[in-house]
Amino acid sequence: FTTKAEEIMRSISDKIATRSSAPTPSEIGFVNITSEPVYRMLSIGNAIKGSGLAETLIIKYRDVVAIDYAYNFLEQSLKTGLDALTKDFKLDTRQTETAKELRDRARGYLTALALEKQAHYSKVQAFNSVASHLEQLERQLRSSMPQHVIDMLGQNGLAMASR
């Protein structure tokens, strides 16, 4: 998952940097399934062309994003399976026992996934620090910009908000 997350983040980053093509459905799905601010991170990373900040952020946070992506993907799949198993089918006694075992195993996997995600987050840092780090980078970028550029960005933001 780390390699896949890194490839997708690089692809999105390249598209942001070059303002070339629209994101693919898999890139949109990736951004939507992760609970981390991936797109914002890559946007901030590409704010200064040639700075290498986007690449640094991708390398720094790829493991955390990959864990979150894997967790959310597997959680959705397991919950779909659990929902299917809770339907009131006409099952005999043996099938009912098998369905109960499957539900118990799926719940166990969900618990194990949550613990694994938490353990990895504690090693890397809570992802709240990512958000604060991104806010700090954004403030630094804005503070180093000339006032007329900040004014233009503010006007652009107002124009976008009114659409």
# chains A, B, ... in the order shown; residues from 1 in each chain; ligands from 1
>>> residues_around(residues="Lys15 of chain A", least_positions_apart="6", cutoff="12 Å", atoms="only C-alpha atoms", output="list of chain:residue names")
A:Ile8, A:Met9, A:Ser21, A:Ala22, A:Pro23, A:Thr24, A:Glu27, A:Tyr39, A:Leu42, A:Ser43, A:Asn46, A:Ala54
>>> closest_residue(among="A:Ile59, A:Met145, A:Met41, A:Leu115", to="Glu7 of chain A", atoms="only C-alpha atoms")
A:Ile59
>>> atom_distance(atom1="atom CA of Val31 of chain A", atom2="atom CA of Ser122 of chain A")
22.5 Å
>>> closest_residue(among="A:Leu53, A:Ala119, A:Ile44, A:Ala66", to="Lys4 of chain A", atoms="only C-alpha atoms")
A:Ala66
>>> select_by_dssp(residues="segment 9-61 of chain A", states="helix (DSSP H, G or I)", output="MDAnalysis selection string")
chainID A and resid 9:18 25:33 38:45 53:61
>>> atom_distance(atom1="atom CA of Val65 of chain A", atom2="atom CA of His133 of chain A")
15.0 Å
>>> residues_around(residues="Gly108 of chain A", least_positions_apart="5", cutoff="12 Å", atoms="only C-alpha atoms", output="list in words")
Glu75, Leu78, Lys79, Leu82, Glu101, Leu102, Arg103, Leu113, Ala114 and Leu115 of chain A
>>> closest_residue(among="A:Gly81, A:Leu141, A:His148, A:Thr86", to="Ser51 of chain A", atoms="only C-alpha atoms")
A:Leu141
